[in-house]
>>> print(open('my_file_8.cif').read())   # mmCIF, C-alpha atoms
data_query
#
loop_
_atom_site.label_atom_id
_atom_site.label_comp_id
_atom_site.auth_asym_id
_atom_site.auth_seq_id
_atom_site.Cartn_x
_atom_site.Cartn_y
_atom_site.Cartn_z
CA MET A 113 28.81 15.36 27.94
CA PHE A 114 27.63 18.95 27.42
CA MET A 115 27.70 18.61 23.63
CA GLN A 116 25.90 15.30 23.84
CA ARG A 117 23.08 16.92 25.81
CA ILE A 118 22.90 19.76 23.31
CA SER A 119 22.69 17.23 20.45
CA GLN A 120 19.92 15.36 22.24
CA LEU A 121 18.02 18.59 22.79
CA VAL A 122 18.36 19.61 19.14
CA PHE A 123 17.19 16.16 18.03
CA SER A 124 14.19 16.35 20.36
CA CYS A 125 13.27 19.75 18.92
CA ILE A 126 13.50 18.37 15.37
CA CYS A 127 11.21 15.48 16.33
CA VAL A 128 8.67 17.83 17.90
CA LYS A 129 8.79 20.06 14.81
CA ARG A 130 8.21 17.03 12.57
CA GLN A 131 5.25 15.88 14.65
CA LEU A 132 3.74 19.37 14.54
CA GLN A 133 4.19 19.57 10.76
CA THR A 134 2.51 16.17 10.35
CA TRP A 135 -0.39 17.23 12.56
CA CYS A 136 -0.85 20.50 10.64
CA ASN A 137 -0.66 18.70 7.28
CA THR A 138 -3.25 16.14 8.38
CA GLN A 139 -5.62 18.87 9.53
CA PHE A 140 -5.29 20.61 6.17
CA LEU A 141 -5.92 17.40 4.26
CA ARG A 142 -9.22 16.89 6.09
CA SER A 143 -10.60 19.60 3.80
CA VAL A 144 -9.15 17.93 0.70
CA PHE A 145 -9.47 14.15 1.10
CA LYS A 146 -12.82 12.33 1.01
CA HIS A 147 -12.37 11.49 4.69
CA ILE A 148 -9.63 11.30 7.33
CA GLY A 149 -10.46 9.56 10.60
CA ALA A 150 -9.44 10.61 14.09
CA GLY A 151 -5.86 9.90 15.12
CA SER A 152 -4.51 9.45 11.60
CA LYS A 153 -1.15 10.91 10.57
CA ILE A 154 -0.13 11.89 7.05
CA ASP A 155 3.45 13.04 6.55
CA PRO A 156 3.89 16.45 4.85
CA SER A 157 6.03 14.85 2.13
CA VAL A 158 3.17 12.60 0.93
CA TYR A 159 2.25 13.28 -2.72
CA TYR A 160 -1.36 12.85 -3.80
CA GLU A 161 -3.66 13.24 -6.79
CA ASP A 162 -7.46 13.06 -6.91
CA PRO A 163 -7.62 13.40 -3.12
CA GLN A 164 -11.42 13.60 -3.17
CA LYS A 165 -11.35 9.87 -3.95
CA ILE A 166 -9.08 8.91 -1.03
CA TRP A 167 -10.72 7.70 2.20
CA VAL A 168 -8.58 7.28 5.34
CA GLY A 169 -9.96 5.60 8.45
CA GLU A 170 -9.09 6.13 12.10
CA GLY A 171 -5.56 5.69 13.41
CA CYS A 172 -3.89 5.31 10.01
CA GLU A 173 -0.30 6.33 9.32
CA VAL A 174 1.01 7.38 5.91
CA ARG A 175 4.75 7.91 6.12
CA ARG A 176 7.40 9.92 4.33
CA GLY A 177 7.50 9.92 0.54
CA VAL A 178 4.33 7.86 -0.04
CA ILE A 179 2.43 8.51 -3.29
CA LEU A 180 -1.38 8.19 -3.31
CA ILE A 181 -3.29 8.54 -6.59
CA GLY A 182 -7.02 8.09 -6.16
CA ARG A 183 -8.08 8.38 -9.81
CA SER A 184 -11.08 6.10 -10.28
CA GLY A 185 -14.44 5.75 -11.96
CA ARG A 186 -15.79 4.88 -8.50
CA PRO A 187 -16.64 7.29 -5.68
CA ILE A 188 -13.56 6.05 -3.78
CA GLY A 189 -10.31 4.98 -5.45
CA ILE A 190 -8.18 4.30 -2.36
CA GLU A 191 -9.82 3.22 0.89
CA MET A 192 -7.97 2.57 4.15
CA ALA A 193 -9.80 1.03 7.10
CA LYS A 194 -8.82 1.59 10.73
CA GLY A 195 -5.14 1.31 11.64
CA VAL A 196 -3.63 0.97 8.16
CA HIS A 197 0.10 1.77 7.91
CA ILE A 198 1.69 2.76 4.59
CA HIS A 199 5.46 2.76 4.97
CA GLN A 200 8.05 5.02 3.36
CA TYR A 201 7.98 5.65 -0.40
CA ALA A 202 5.22 3.17 -1.19
CA TYR A 203 3.22 3.92 -4.37
CA LEU A 204 -0.54 3.35 -4.46
CA ASN A 205 -2.40 4.17 -7.69
CA ALA A 206 -6.03 3.22 -8.25
CA PHE A 207 -5.44 3.50 -12.04
CA GLY A 208 -9.17 3.95 -12.64
CA GLY A 209 -10.06 0.94 -10.45
CA PHE A 210 -9.74 0.73 -6.68
CA ILE A 211 -7.49 -0.24 -3.77
CA LYS A 212 -9.27 -1.35 -0.60
CA LEU A 213 -7.14 -1.95 2.51
CA GLY A 214 -8.82 -3.67 5.46
CA GLU A 215 -8.24 -2.96 9.14
CA GLY A 216 -4.63 -3.09 10.27
CA VAL A 217 -3.16 -3.66 6.80
CA ARG A 218 0.57 -2.96 6.37
CA ILE A 219 2.15 -1.91 3.06
CA GLY A 220 5.96 -2.07 3.17
CA HIS A 221 8.45 0.53 2.03
CA HIS A 222 8.88 1.12 -1.73
CA SER A 223 6.03 -1.30 -2.52
CA VAL A 224 3.74 -0.71 -5.52
CA ILE A 225 -0.02 -1.36 -5.48
CA GLY A 226 -1.87 -0.93 -8.79
CA GLY A 227 -5.65 -1.06 -8.59
CA GLN A 228 -6.57 -1.24 -12.30
CA GLY A 229 -8.92 -4.22 -11.90
CA GLY A 230 -9.38 -3.75 -8.17
CA VAL A 231 -7.14 -4.81 -5.27
CA THR A 232 -8.55 -5.87 -1.91
CA PHE A 233 -6.51 -6.66 1.22
CA GLY A 234 -8.40 -8.37 4.04
CA ASP A 235 -7.99 -7.31 7.67
CA PHE A 236 -4.47 -7.56 9.15
CA SER A 237 -2.88 -8.60 5.86
CA GLY A 238 0.03 -6.92 4.13
CA VAL A 239 3.22 -7.07 2.12
CA SER A 240 6.75 -6.29 3.21
CA GLY A 241 9.09 -3.88 1.41
CA LEU A 242 9.77 -3.88 -2.34
CA SER A 243 6.63 -5.84 -3.19
CA TYR A 244 4.37 -5.47 -6.25
CA VAL A 245 0.62 -6.11 -6.34
CA ILE A 246 -0.66 -5.15 -9.81
CA ALA A 247 -4.25 -5.87 -10.91
CA ALA A 248 -3.58 -5.69 -14.67
CA ASN A 249 -1.70 -7.51 -17.41
CA HIS A 250 -0.75 -6.48 -20.95
CA GLY A 251 -2.05 -8.58 -23.80
CA TYR A 252 0.50 -10.04 -26.21
CA ALA A 253 -1.44 -12.25 -28.64
CA GLU A 254 -1.24 -9.82 -31.59
CA LEU A 255 2.34 -10.25 -32.79
CA ASP A 256 2.11 -7.39 -35.30
CA LYS A 257 1.08 -4.90 -32.62
CA PRO A 258 3.25 -3.39 -29.86
CA ILE A 259 2.52 -4.92 -26.48
CA VAL A 260 1.97 -1.51 -24.90
CA LEU A 261 -0.89 -0.89 -27.39
CA GLN A 262 -2.67 -4.19 -26.80
CA THR A 263 -5.69 -4.57 -24.55
CA GLU A 264 -4.99 -5.03 -20.84
CA SER A 265 -6.71 -7.65 -18.76
CA LYS A 266 -8.06 -6.32 -15.47
CA LYS A 267 -9.42 -9.24 -13.47
CA GLY A 268 -8.56 -7.93 -10.02
CA ILE A 269 -6.70 -9.30 -6.99
CA ASN A 270 -8.38 -10.49 -3.79
CA ILE A 271 -6.17 -11.06 -0.73
CA GLY A 272 -7.82 -12.63 2.31
CA ARG A 273 -7.51 -11.94 6.03
CA ASN A 274 -4.20 -12.33 7.89
CA VAL A 275 -2.16 -12.93 4.72
CA TRP A 276 1.49 -11.91 4.77
CA GLY A 277 3.71 -11.33 1.76
CA CYS A 278 7.41 -11.32 2.64
CA ALA A 279 9.93 -8.94 1.06
CA GLY A 280 9.85 -8.75 -2.72
CA THR A 281 6.49 -10.48 -3.14
CA ILE A 282 4.90 -10.14 -6.59
CA ILE A 283 1.17 -10.83 -6.98
CA THR A 284 -0.22 -10.72 -10.51
CA ASP A 285 -3.67 -9.98 -11.91
CA GLY A 286 -6.51 -12.45 -11.40
CA VAL A 287 -5.12 -14.03 -8.21
CA THR A 288 -7.13 -14.84 -5.09
CA ILE A 289 -5.25 -15.63 -1.87
CA GLY A 290 -7.04 -17.40 0.98
CA ASP A 291 -6.97 -16.41 4.65
CA ASN A 292 -3.85 -17.03 6.76
CA ALA A 293 -1.60 -17.73 3.77
CA ILE A 294 2.07 -16.75 3.66
CA ILE A 295 3.96 -15.71 0.52
CA GLY A 296 7.71 -16.34 0.72
CA ALA A 297 10.29 -13.67 -0.02
CA GLY A 298 10.67 -13.01 -3.74
CA ALA A 299 7.79 -15.32 -4.69
CA VAL A 300 5.86 -14.59 -7.90
CA VAL A 301 2.20 -15.51 -7.37
CA ARG A 302 0.44 -16.23 -10.67
CA ARG A 303 -2.23 -18.67 -9.46
CA ASP A 304 -4.73 -18.78 -6.60
CA VAL A 305 -3.35 -19.66 -3.17
CA PRO A 306 -5.53 -21.69 -0.76
CA SER A 307 -6.07 -20.71 2.87
CA LYS A 308 -3.20 -21.51 5.29
CA ALA A 309 -0.80 -22.31 2.44
CA VAL A 310 2.85 -21.27 2.48
CA VAL A 311 4.07 -20.66 -1.07
CA ILE A 312 7.60 -20.00 -2.34
CA GLY A 313 9.47 -19.58 -5.61
CA ASN A 314 8.95 -18.29 -9.15
CA PRO A 315 6.36 -19.26 -10.11
CA ALA A 316 5.10 -19.71 -6.56
CA GLU A 317 4.32 -23.28 -5.51
CA ILE A 318 2.85 -24.61 -2.28
CA ALA A 319 5.58 -25.60 0.17
CA PHE A 320 3.13 -26.87 2.79
CA ILE A 321 -0.29 -26.21 4.32
CA GLN A 322 -0.36 -24.98 7.90
CA GLN A 323 -2.30 -27.19 10.31
#
>>> encode(input="my_file_8.cif", output="structure tokens")
Amino acid sequence: MFMQRISQLVFSCICVKRQLQTWCNTQFLRSVFKHIGAGSKIDPSVYYEDPQKIWVGEGCEVRRGVILIGRSGRPIGIEMAKGVHIHQYAYLNAFGGFIKLGEGVRIGHHSVIGGQGGVTFGDFSGVSGLSYVIAANHGYAELDKPIVLQTESKKGINIGRNVWGCAGTIITDGVTIGDNAIIGAGAVVRRDVPSKAVVIGNPAEIAFIQQ
């Protein structure tokens, strides 16, 4: 019983230390990022580049191991509205374009968001862990030229309000997803998805429309 209490005390001290480190890191980043709103928390382990192009709203949480790269030709490369949560080890790179996350958006652990042609998440939308949302595609029409040297398409991705992508969702360039849609686990979305649709599979097809 004594050792258990000691263990609990040590754990509590570690938690307090972690919270203090996060608070201190967030205060420091206020002088580095474009903006950080009140009540936001950015873990000390977060890696960032071009922080002057990263805008964080109120009450956001950026957790352990997240990578944020704001490189963009725009004034803001990564923008998070109020209450956005970026879970552990997610990777967000504006890639010269932009990533815009609406209020309450959730990005799951180890997910990758590439903003080459622009990615927009509407309010209260998100993707679960291990998902990919990439607003670019390699060209492949020139058979005598390596694919990696061919011109990329960058049409952009527009995700509506209250859209949820289950674990392992892949959303490709040029796709628009309507409000209240649901993307099934492991689905590969290559075409537009209408509002209230539930899509599954590879390539994703409409399973049914919610009433």
>>> resolve_selection(input="my_file_8.cif", expression="the PyMOL selection byres ((chain A and resi 152) around 12)", output="VMD selection string")
chain A and resid 134 to 139 141 to 142 147 to 151 153 to 155 167 to 175 192 to 198
>>> closest_atom_pairs(input="my_file_8.cif", of="segment 191-244 of chain A", to="segment 273-279 of chain A", cutoff="9 Å", atoms="all atoms listed in the file", output="CSV")
residue,atom,partner,partner_atom,distance
A:Gly214,CA,A:Arg273,CA,8.4
A:Val217,CA,A:Asn274,CA,8.8
A:Gly220,CA,A:Ala279,CA,8.2
A:Phe233,CA,A:Arg273,CA,7.2
A:Gly234,CA,A:Arg273,CA,4.2
A:Asp235,CA,A:Arg273,CA,4.9
A:Phe236,CA,A:Asn274,CA,4.9
A:Ser237,CA,A:Asn274,CA,4.4
A:Gly238,CA,A:Trp276,CA,5.2
A:Val239,CA,A:Gly277,CA,4.3
A:Ser240,CA,A:Ala279,CA,4.7
A:Gly241,CA,A:Ala279,CA,5.1
A:Leu242,CA,A:Ala279,CA,6.1
A:Ser243,CA,A:Ala279,CA,6.2
>>> residues_around(input="my_file_8.cif", residues="Gly230 of chain A", least_positions_apart="5", cutoff="8 Å", atoms="all atoms listed in the file", output="list of chain:residue names")
A:Ala206, A:Gly209, A:Phe210, A:Ile211, A:Lys212, A:Ala247, A:Lys266, A:Lys267, A:Gly268, A:Ile269
>>> write_last_selection(input="my_file_8.cif", atoms="C-alpha atoms", output="PDB file, in the coordinates of the input")
ATOM      1  CA  ALA A 206      -6.030   3.220  -8.250  1.00  0.00           C
ATOM      2  CA  GLY A 209     -10.060   0.940 -10.450  1.00  0.00           C
ATOM      3  CA  PHE A 210      -9.740   0.730  -6.680  1.00  0.00           C
ATOM      4  CA  ILE A 211      -7.490  -0.240  -3.770  1.00  0.00           C
ATOM      5  CA  LYS A 212      -9.270  -1.350  -0.600  1.00  0.00           C
ATOM      6  CA  ALA A 247      -4.250  -5.870 -10.910  1.00  0.00           C
ATOM      7  CA  LYS A 266      -8.060  -6.320 -15.470  1.00  0.00           C
ATOM      8  CA  LYS A 267      -9.420  -9.240 -13.470  1.00  0.00           C
ATOM      9  CA  GLY A 268      -8.560  -7.930 -10.020  1.00  0.00           C
ATOM     10  CA  ILE A 269      -6.700  -9.300  -6.990  1.00  0.00           C
TER      11      ILE A 269
END
>>> residues_around(input="my_file_8.cif", residues="segment 299-309 of chain A", least_positions_apart="5", cutoff="6 Å", atoms="all atoms listed in the file", output="list in words")
Thr281, Ile282, Ile283, Thr284, Val287, Thr288, Ile289, Gly290, Asp291, Asn292, Ala293, Asn314, Pro315, Ala316, Ile321 and Gln322 of chain A
>>> write_last_selection(input="my_file_8.cif", atoms="C-alpha atoms", output="mmCIF file, keeping the file's coordinate frame")
data_model
loop_
_atom_site.group_PDB
_atom_site.id
_atom_site.type_symbol
_atom_site.label_atom_id
_atom_site.label_comp_id
_atom_site.auth_asym_id
_atom_site.auth_seq_id
_atom_site.Cartn_x
_atom_site.Cartn_y
_atom_site.Cartn_z
ATOM 1 C CA THR A 281 6.490 -10.480 -3.140
ATOM 2 C CA ILE A 282 4.900 -10.140 -6.590
ATOM 3 C CA ILE A 283 1.170 -10.830 -6.980
ATOM 4 C CA THR A 284 -0.220 -10.720 -10.510
ATOM 5 C CA VAL A 287 -5.120 -14.030 -8.210
ATOM 6 C CA THR A 288 -7.130 -14.840 -5.090
ATOM 7 C CA ILE A 289 -5.250 -15.630 -1.870
ATOM 8 C CA GLY A 290 -7.040 -17.400 0.980
ATOM 9 C CA ASP A 291 -6.970 -16.410 4.650
ATOM 10 C CA ASN A 292 -3.850 -17.030 6.760
ATOM 11 C CA ALA A 293 -1.600 -17.730 3.770
ATOM 12 C CA ASN A 314 8.950 -18.290 -9.150
ATOM 13 C CA PRO A 315 6.360 -19.260 -10.110
ATOM 14 C CA ALA A 316 5.100 -19.710 -6.560
ATOM 15 C CA ILE A 321 -0.290 -26.210 4.320
ATOM 16 C CA GLN A 322 -0.360 -24.980 7.900
#
>>> resolve_selection(input="my_file_8.cif", expression="the PyMOL selection byres ((chain A and resi 222-226) around 7)", output="list in words")
Gln200, Tyr201, Ala202, Tyr203, Leu204, Asn205, Ala206, Phe207, Ile219, Gly220, His221, Gly227, Gln228, Gly241, Leu242, Ser243, Tyr244, Val245, Ile246 and Ala247 of chain A
>>> closest_residue(input="my_file_8.cif", among="A:Leu255, A:Ile181, A:Val128, A:Ile271", to="Leu213 of chain A", atoms="all atoms listed in the file")
A:Ile271
>>> resolve_selection(input="my_file_8.cif", expression="the PyMOL selection byres ((chain A and resi 264) around 8)", output="list in words")
Ala248, Asn249, His250, Gly251, Gln262, Thr263, Ser265 and Lys266 of chain A
>>> atom_distance(input="my_file_8.cif", atom1="atom CA of Phe140 of chain A", atom2="atom CA of Leu121 of chain A")
28.7 Å
>>> atom_distance(input="my_file_8.cif", atom1="atom CA of Val158 of chain A", atom2="atom CA of Phe145 of chain A")
12.7 Å
>>> atom_distance(input="my_file_8.cif", atom1="atom CA of Gln164 of chain A", atom2="atom CA of Glu215 of chain A")
20.9 Å
>>> residues_near_point(input="my_file_8.cif", point="(3.3, -22.6, -1.0)", cutoff="8 Å", atoms="all atoms listed in the file", output="PDB file with C-alpha atoms, in the frame of the given file")
ATOM      1  CA  ILE A 294       2.070 -16.750   3.660  1.00  0.00           C
ATOM      2  CA  ILE A 295       3.960 -15.710   0.520  1.00  0.00           C
ATOM      3  CA  GLY A 296       7.710 -16.340   0.720  1.00  0.00           C
ATOM      4  CA  VAL A 305      -3.350 -19.660  -3.170  1.00  0.00           C
ATOM      5  CA  ALA A 309      -0.800 -22.310   2.440  1.00  0.00           C
ATOM      6  CA  VAL A 310       2.850 -21.270   2.480  1.00  0.00           C
ATOM      7  CA  VAL A 311       4.070 -20.660  -1.070  1.00  0.00           C
ATOM      8  CA  ILE A 312       7.600 -20.000  -2.340  1.00  0.00           C
ATOM      9  CA  ALA A 316       5.100 -19.710  -6.560  1.00  0.00           C
ATOM     10  CA  GLU A 317       4.320 -23.280  -5.510  1.00  0.00           C
ATOM     11  CA  ILE A 318       2.850 -24.610  -2.280  1.00  0.00           C
ATOM     12  CA  ALA A 319       5.580 -25.600   0.170  1.00  0.00           C
ATOM     13  CA  PHE A 320       3.130 -26.870   2.790  1.00  0.00           C
ATOM     14  CA  ILE A 321      -0.290 -26.210   4.320  1.00  0.00           C
TER      15      ILE A 321
END
>>> closest_residue(input="my_file_8.cif", among="A:Ser119, A:Gly189, A:Pro156, A:Arg183", to="Gln131 of chain A", atoms="all atoms listed in the file")
A:Pro156
>>> axis_aligned_box(input="my_file_8.cif", around="segment 208-217 of chain A", padding_each_side="8 Å", output="AutoDock Vina command-line options")
--center_x -6.6 --center_y 0.1 --center_z -1.2 --size_x 22.9 --size_y 23.6 --size_z 38.9
>>> closest_residue(input="my_file_8.cif", among="A:His199, A:Arg176, A:Arg218, A:Lys146", to="Tyr159 of chain A", atoms="only C-alpha atoms")
A:Arg176
>>> decode(input="my_file_8.cif", residues="segment 197-225 of chain A", atoms="N, CA, C and O atoms", output="compact mmCIF listing (two decimals), in the first residue's frame")
# COMPACT_ATOMS: atom_id res chain seq x y z
N HIS A 197 -8.04 19.80 -32.36
CA HIS A 197 -7.15 18.85 -31.69
C HIS A 197 -6.36 18.09 -32.74
O HIS A 197 -6.94 17.46 -33.63
N ILE A 198 -5.03 18.12 -32.62
CA ILE A 198 -4.14 17.36 -33.48
C ILE A 198 -3.51 16.27 -32.62
O ILE A 198 -2.75 16.57 -31.68
N HIS A 199 -3.81 15.03 -32.90
CA HIS A 199 -3.39 13.95 -32.03
C HIS A 199 -1.96 13.48 -32.34
O HIS A 199 -1.36 13.90 -33.32
N GLN A 200 -1.46 12.58 -31.53
CA GLN A 200 -0.05 12.22 -31.51
C GLN A 200 0.51 11.84 -32.88
O GLN A 200 -0.08 11.07 -33.62
N TYR A 201 1.67 12.42 -33.18
CA TYR A 201 2.50 12.07 -34.34
C TYR A 201 1.83 12.33 -35.70
O TYR A 201 2.25 11.77 -36.71
N ALA A 202 0.81 13.15 -35.73
CA ALA A 202 0.25 13.57 -37.01
C ALA A 202 1.25 14.49 -37.72
O ALA A 202 2.08 15.15 -37.09
N TYR A 203 1.15 14.53 -39.06
CA TYR A 203 2.08 15.31 -39.89
C TYR A 203 1.26 16.24 -40.78
O TYR A 203 0.49 15.78 -41.62
N LEU A 204 1.43 17.55 -40.58
CA LEU A 204 0.72 18.54 -41.38
C LEU A 204 1.75 19.41 -42.08
O LEU A 204 2.55 20.09 -41.42
N ASN A 205 1.71 19.41 -43.43
CA ASN A 205 2.66 20.17 -44.22
C ASN A 205 1.90 20.94 -45.28
O ASN A 205 1.22 20.34 -46.12
N ALA A 206 2.00 22.26 -45.24
CA ALA A 206 1.30 23.08 -46.23
C ALA A 206 1.86 22.89 -47.63
O ALA A 206 1.17 23.15 -48.63
N PHE A 207 3.11 22.46 -47.76
CA PHE A 207 3.74 22.18 -49.06
C PHE A 207 3.55 23.33 -50.06
O PHE A 207 3.31 23.11 -51.24
N GLY A 208 3.63 24.56 -49.58
CA GLY A 208 3.48 25.70 -50.47
C GLY A 208 2.04 26.14 -50.66
O GLY A 208 1.78 27.22 -51.19
N GLY A 209 1.08 25.31 -50.25
CA GLY A 209 -0.34 25.65 -50.35
C GLY A 209 -0.87 26.06 -48.99
O GLY A 209 -0.31 26.94 -48.33
N PHE A 210 -1.96 25.39 -48.54
CA PHE A 210 -2.50 25.74 -47.23
C PHE A 210 -3.31 24.58 -46.66
O PHE A 210 -3.82 23.72 -47.39
N ILE A 211 -3.42 24.57 -45.34
CA ILE A 211 -4.29 23.65 -44.60
C ILE A 211 -5.14 24.51 -43.68
O ILE A 211 -4.61 25.24 -42.83
N LYS A 212 -6.45 24.45 -43.84
CA LYS A 212 -7.37 25.25 -43.03
C LYS A 212 -8.31 24.32 -42.29
O LYS A 212 -9.10 23.60 -42.90
N LEU A 213 -8.22 24.33 -40.95
CA LEU A 213 -9.01 23.45 -40.11
C LEU A 213 -10.06 24.28 -39.37
O LEU A 213 -9.72 25.17 -38.58
N GLY A 214 -11.33 23.96 -39.61
CA GLY A 214 -12.42 24.70 -38.98
C GLY A 214 -12.55 24.40 -37.50
O GLY A 214 -11.83 23.56 -36.93
N GLU A 215 -13.51 25.03 -36.87
CA GLU A 215 -13.73 24.87 -35.43
C GLU A 215 -13.97 23.42 -35.05
O GLU A 215 -14.75 22.71 -35.69
N GLY A 216 -13.29 22.97 -33.99
CA GLY A 216 -13.53 21.65 -33.46
C GLY A 216 -13.02 20.49 -34.29
O GLY A 216 -13.35 19.33 -34.01
N VAL A 217 -12.22 20.74 -35.30
CA VAL A 217 -11.70 19.66 -36.15
C VAL A 217 -10.78 18.74 -35.35
O VAL A 217 -10.03 19.19 -34.47
N ARG A 218 -10.83 17.44 -35.68
CA ARG A 218 -9.97 16.45 -35.05
C ARG A 218 -9.13 15.76 -36.13
O ARG A 218 -9.68 15.24 -37.11
N ILE A 219 -7.82 15.72 -35.94
CA ILE A 219 -6.91 14.99 -36.82
C ILE A 219 -6.30 13.86 -36.00
O ILE A 219 -5.62 14.10 -35.00
N GLY A 220 -6.53 12.62 -36.43
CA GLY A 220 -6.13 11.45 -35.65
C GLY A 220 -4.63 11.19 -35.68
O GLY A 220 -3.88 11.73 -36.50
N HIS A 221 -4.21 10.31 -34.79
CA HIS A 221 -2.80 10.00 -34.62
C HIS A 221 -2.18 9.43 -35.90
O HIS A 221 -2.80 8.67 -36.63
N HIS A 222 -0.94 9.83 -36.17
CA HIS A 222 -0.16 9.37 -37.32
C HIS A 222 -0.82 9.70 -38.67
O HIS A 222 -0.46 9.09 -39.69
N SER A 223 -1.76 10.59 -38.70
CA SER A 223 -2.37 10.99 -39.98
C SER A 223 -1.48 11.99 -40.71
O SER A 223 -0.66 12.67 -40.09
N VAL A 224 -1.65 12.07 -42.03
CA VAL A 224 -0.85 12.96 -42.87
C VAL A 224 -1.78 13.87 -43.66
O VAL A 224 -2.68 13.40 -44.36
N ILE A 225 -1.56 15.18 -43.53
CA ILE A 225 -2.34 16.16 -44.28
C ILE A 225 -1.36 16.97 -45.13
O ILE A 225 -0.47 17.63 -44.61
